[in-house]
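**Q** Quick one: this structure, given as structure tokens, is what I'll be asking you about.
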Amino acid sequence: MIMRILLRSLLPVLALASGCRDGDAGGTEDTGADEVQRAQRGELQWKRNAALQRDLMRALELPEDGVCNELGRGSCTREIHHIALGAADPLRIGLYEPLPDTLVSTPIVLDRVVMSACVNRADLDRGGAPVVFTELDFGEAAPAPEDEAFAATVTALYRRLLSRDPEAHELTTLGGLTVDDAGEPVSAHEFAVLACFAIGTSSEFLFF
Amino acid sequence: MPTERPPHLTPTVFLVRSLSRHTRCLLAFAGISVGTTEAWARPTGPRAFCETYADAPECMGRSVTCNKCHLSTQPVAWNAYGGAVFAALGGGAFDDNIAAALVSIEDDDSDGDGLSNREEIELGTDPGDPLSQWMPRPTPEGAENPSYAIGEYDPSYAYKRVRLLFCGASPSYKEARAFAELDGEAQLAAIHDALAECLESDFWIDEALTSLAHPKIRPVKALGAETDVLISGYKITLADYQWDYRLWQYLLSGDRDARELLTAQYHIGRDDAGNWQRIDGTIPNPPMGFGGGQLLAPEHRAGMLTTQWNLLLNIMFAAVPRVAAGHAYREYLGLDLSLSQGIRPVAGEPLDIDAKGVDAAACAQCHSTLDPLSYAFAYYEGIDLKNLSRTGQYRPERPTERIPGWDEAQPEFVVLDRKVENLVELAQQMAQSREFQRNLADMFFVYAVGHEPLPDELEEFDAVWTAMPADGYSANRLLHRLVDTDAFGVP
């Protein structure tokens, strides 16, 4: 179930990846007629391992080892997948500078790290005093898009991960994560993870 | 085409000058050498080029490589520009006539790409390569972008970059809102306030600065203080590279003088609270280790070049420490001799003082610069298996012991065309050079912007690094200038 919903979560990711925010609920269409100005330099950098870990720690209020730990062997961002995330490793493999380009595995690792952080935060909030998902009732289904709890949850995630408020069309897009393929509500926990993952893997979060 | 060779022209020059311009270009592009025994690549060429075009972007704190004129230097083959220079020399003595030859073809378009040689030199593209071009950035088109100030300095964009690059994390929602509510001038001030705070952070000093040092220090865990290799109860530690990292961190933070990377005659410790501690004098090796201290007498020290680790790793068993010299030239001046960068041949060199065959034509082009750099390192011990405690020590008798003929040859030590008496002076010359300043700024530029300065960024980049003397050679002040550039803040 969660994998199918995950696949559907690519939709909002693609919408967010445009990096363009307008006030219309329908988002930006690439018609060319009303296209906004594109970056003149087009030289965004991507968050390397340390910045990715630190931003997830700050946004989701997770401890250093709470972001992503690979099978209990070590930190995904610092020890296991750090090369794919753009770090060097001088002591273990003599890699004195980061590789010049991303690896084939880099997008997968980014997904892995963000998913882990989101799941860890949702689990913590479900098991104790909630910190991020304060408006969700984890014993119930996900709130409907028109519920206050939905807007509050998405707004909290936008503020924490992207340092801004969501726009109307973004709320609409993320509303699709509250139900499964059959139109049945997913659980509040699934919604929390999916919404967090969709925003946390957006271009806006991963690039600067 | 004339059929008889005038007596003042050599056969080679006669042939080249007889060919049409386009034919010469074709030959050059095909990599065909039209030379005979006279057709050598000239190691003095890059220096001559930058003396003629001192203000060219490629000559500002660096120098052009042989590729400016050559497709290959061994065997010699020219590109279109090099072929034109060769023809313009007219068979005259290279060093005497190169400046005039360069000027005489300035208005030509040797590679046929639509720009004259002079225009390409001023732009920083290759006048001998039609594929070396720079396209101006497009003018922004379309509706105003609601999120970014496209085509102009965007304070919000710059602020986020400062926080991520130098503090290691994005601004929070609250911080971003507070920033957005400031007016333009206050936003610019806030960017610098944030940068100043970040430059004191653990992230910048202990993570980012440390990462930038890796290629310069090149640590090897098995030989360092953290090694878990023991021999008869002794740790195999041969040197401790943490001294190198601390010196690097210390000098590139706190508004300190970055030149001391090459001139410091002290070392830096750190207490449990993270406070720096300057240590003068020698530092003994820790017990139960072969190395790990700093035994070198202070008067023979030259900052990062003479730490026990650097001397161990880069000299090892070499009598003439060419690797140590090449490493210093590359990492602290940005001149990689293996890429033909920074060729400044010394007359009479290479002496091939250790009979390695470096005076062969193919080797001499670089070794005429490298070897005079290397000699000054020969007094410092790398690894002496019979006396491991000598690692990193200064021994005036070492060259004579290790290099037969050293005393008779009396080699001169030369760096950047200046004769020096010893490694300490050599390092001082390096630290005072424009190459040192530019290289340091380039490292930070690449870190902050993500690429080497492009042609339309060179003017502001040059303004950043040439301000280093006025800024007391402070890395922090350099970074404050850097975040003000369009390269950093224009999306």
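So you can find residues: chains in the structure tokens are A, B, ... in the order shown, residues in each start at 1, and ligands are numbered from 1 in order.
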Under the rule of at most 6 Å, produce a per-residue listing of chain A near chain B: chain, number, name, the closest pair of atoms, and the distance in Å, as a tab-separated table, using only C-alpha atoms.
**A**
```
residue	atom	partner	partner_atom	distance
A:Glu35	CA	B:Gly142	CA	5.5
A:Val36	CA	B:Ala143	CA	4.3
A:Gln37	CA	B:Gly142	CA	4.8
A:Ala39	CA	B:Pro491	CA	5.3
A:Gln40	CA	B:Gly151	CA	5.8
A:Arg41	CA	B:Pro491	CA	5.8
A:Ala51	CA	B:Gly168	CA	5.0
A:Arg54	CA	B:Ala169	CA	5.7
A:Asp55	CA	B:Ala169	CA	5.2
A:Leu91	CA	B:Lys221	CA	5.4
A:Tyr96	CA	B:Pro215	CA	5.1
A:Arg159	CA	B:Tyr173	CA	5.3
A:Ser163	CA	B:Tyr173	CA	3.9
A:Arg164	CA	B:Tyr173	CA	5.9
```
**Q** Take the residues from that selection and write them out as a compact mmCIF listing (two decimals), in the first residue's frame, keeping C-alpha atoms.
**A**
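Output contents, as saved in result-v2.txt:
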```
# COMPACT_ATOMS: atom_id res chain seq x y z
CA GLU A 35 6.30 31.44 -18.23
CA VAL A 36 8.19 33.15 -15.44
CA GLN A 37 11.80 34.18 -15.79
CA ALA A 39 17.45 31.49 -13.58
CA GLN A 40 20.03 33.33 -15.63
CA ARG A 41 22.90 31.33 -14.23
CA ALA A 51 23.92 19.99 5.00
CA ARG A 54 21.74 19.04 9.45
CA ASP A 55 18.70 20.40 7.66
CA LEU A 91 41.02 8.34 5.74
CA TYR A 96 40.54 13.67 -0.80
CA ARG A 159 7.76 25.89 7.38
CA SER A 163 11.10 27.86 5.59
CA ARG A 164 7.97 29.26 3.99
```
**Q** From a DSSP calculation on the backbone, collect every residue of segment 17-183 of chain B in helix (DSSP H, G or I) and output the set as a VMD selection string.
**A** chain B and resid 17 to 18 21 to 29 45 to 52 57 to 59 66 to 68 80 to 89 94 to 104 117 to 123 155 to 167 173 to 180
**Q** Enumerate, as a PyMOL selection string, the complete set of residues in chain A that a backbone-based DSSP assignment places in strand (DSSP E or B).
**A** chain A and resi 36+46+69+75+89+95+141+179+185+187+207
**Q** Give me the residues within 12 Å of segment 124-140 of chain A as a PyMOL selection string, counting only C-alpha atoms and dropping any in the same chain fewer than 4 places off.
**A** chain A and resi 58-63+66-67+117-120+144+147-161+178+185-193+195-196
**Q** Please report the interatomic distance between atom CA of Lys235 of chain B and atom CA of Arg390 of chain B in Å with one decimal.
**A**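 Separating atom CA of Lys235 of chain B from atom CA of Arg390 of chain B is a distance of 16.8 Å.
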**Q** Any idea what's packed within 12 Å of segment 360-368 of chain B, counting only C-alpha atoms, ignoring anything in its chain fewer than 5 positions away? Could you give it as a ChimeraX atom specification?
**A** /B:37,40-46,65-66,72-76,320,322-323,325-326,335-353,355,373-375,411-417
**Q** Keeping only C-alpha atoms, write the selected residues to a file as an mmCIF file, in the first residue's frame.
**A**
```
data_model
loop_
_atom_site.group_PDB
_atom_site.id
_atom_site.type_symbol
_atom_site.label_atom_id
_atom_site.label_comp_id
_atom_site.auth_asym_id
_atom_site.auth_seq_id
_atom_site.Cartn_x
_atom_site.Cartn_y
_atom_site.Cartn_z
ATOM 1 C CA THR B 37 65.327 19.937 -35.433
ATOM 2 C CA TRP B 40 60.937 22.687 -30.239
ATOM 3 C CA ALA B 41 58.266 23.665 -27.815
ATOM 4 C CA ARG B 42 59.628 26.610 -25.867
ATOM 5 C CA PRO B 43 59.204 26.388 -22.088
ATOM 6 C CA THR B 44 59.767 30.124 -21.877
ATOM 7 C CA GLY B 45 56.680 30.704 -24.019
ATOM 8 C CA PRO B 46 54.059 30.856 -21.243
ATOM 9 C CA THR B 65 49.994 26.497 -20.292
ATOM 10 C CA CYS B 66 51.731 25.092 -23.333
ATOM 11 C CA SER B 72 51.533 18.541 -28.256
ATOM 12 C CA THR B 73 54.946 19.490 -26.964
ATOM 13 C CA GLN B 74 56.567 16.108 -27.486
ATOM 14 C CA PRO B 75 56.514 15.613 -30.416
ATOM 15 C CA VAL B 76 55.876 19.251 -31.036
ATOM 16 C CA VAL B 320 65.785 15.320 -4.517
ATOM 17 C CA ARG B 322 60.493 16.690 -6.401
ATOM 18 C CA VAL B 323 57.135 15.412 -5.176
ATOM 19 C CA ALA B 325 58.067 20.693 -4.371
ATOM 20 C CA GLY B 326 55.467 19.840 -6.999
ATOM 21 C CA LEU B 335 50.185 25.590 -10.499
ATOM 22 C CA ASP B 336 50.216 21.944 -11.485
ATOM 23 C CA LEU B 337 53.405 21.252 -13.373
ATOM 24 C CA SER B 338 52.047 17.931 -14.559
ATOM 25 C CA LEU B 339 49.478 19.986 -16.473
ATOM 26 C CA SER B 340 52.162 22.370 -17.755
ATOM 27 C CA GLN B 341 50.947 25.094 -15.428
ATOM 28 C CA GLY B 342 53.430 27.558 -13.996
ATOM 29 C CA ILE B 343 56.302 26.675 -16.299
ATOM 30 C CA ARG B 344 59.080 29.135 -15.474
ATOM 31 C CA PRO B 345 62.302 27.573 -16.675
ATOM 32 C CA VAL B 346 65.557 28.448 -14.995
ATOM 33 C CA ALA B 347 68.521 28.880 -17.306
ATOM 34 C CA GLY B 348 70.856 25.904 -17.187
ATOM 35 C CA GLU B 349 68.290 23.646 -15.545
ATOM 36 C CA PRO B 350 67.627 20.852 -15.125
ATOM 37 C CA LEU B 351 71.041 19.832 -13.918
ATOM 38 C CA ASP B 352 69.865 16.238 -13.530
ATOM 39 C CA ILE B 353 71.808 16.311 -10.322
ATOM 40 C CA ALA B 355 71.147 11.241 -12.709
ATOM 41 C CA LEU B 373 62.155 24.285 -6.497
ATOM 42 C CA SER B 374 63.043 20.849 -5.228
ATOM 43 C CA TYR B 375 66.608 21.471 -4.137
ATOM 44 C CA PRO B 411 72.466 24.277 -7.537
ATOM 45 C CA GLU B 412 70.502 27.456 -7.106
ATOM 46 C CA PHE B 413 67.071 27.481 -5.521
ATOM 47 C CA VAL B 414 64.545 29.390 -7.595
ATOM 48 C CA VAL B 415 60.797 29.930 -7.272
ATOM 49 C CA LEU B 416 58.658 32.166 -9.474
ATOM 50 C CA ASP B 417 61.809 33.504 -11.143
#
```
**Q** Can you measure atom CA of Ile108 of chain A to atom CA of Arg73 of chain A for me? One decimal in Å is fine.
**A** 18.6 Å
**Q** Find the residues near Ala264 of chain B: any atom within 6 Å, counting only C-alpha atoms, skip ones fewer than 3 places away on the same chain, and give them as number ranges by chain.
**A** B: 260, 302-303
**Q** Which distance in Å separates atom CA of Glu435 of chain B and atom CA of Met60 of chain B, to one decimal?
**A** 8.0 Å
**Q** For Leu99 of chain A, please output as a ChimeraX atom specification all residues within 8 Å (counting only C-alpha atoms; exclusion window: fewer than 2 positions along the same chain).
**A** /A:83,86-88,97,101-102
**Q** Neighbouring residues of Glu397 of chain B were defined as those with any atom within 12 Å, considering only C-alpha atoms; residues of the same chain fewer than 6 positions away were excluded. Please report them as a list in words.
**A**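 Neighbouring residues, sequence-local ones excluded: Ala319, Ala378, Tyr379, Tyr380, Glu381, Ile403, Trp406 and Asp407 of chain B.
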**Q** Got time to write the residues from that selection, C-alpha atoms, as a PDB file, in the first residue's frame?
**A**
```pdb
ATOM      1  CA  ALA B 319      67.145  12.465  -2.386  1.00  0.00           C
ATOM      2  CA  ALA B 378      66.675  18.297   0.037  1.00  0.00           C
ATOM      3  CA  TYR B 379      67.857  19.371   3.488  1.00  0.00           C
ATOM      4  CA  TYR B 380      64.759  17.931   5.123  1.00  0.00           C
ATOM      5  CA  GLU B 381      64.472  14.269   5.999  1.00  0.00           C
ATOM      6  CA  ILE B 403      73.330  13.263  -3.878  1.00  0.00           C
ATOM      7  CA  TRP B 406      75.768  18.111  -5.013  1.00  0.00           C
ATOM      8  CA  ASP B 407      78.704  20.113  -3.723  1.00  0.00           C
TER       9      ASP B 407
END
```
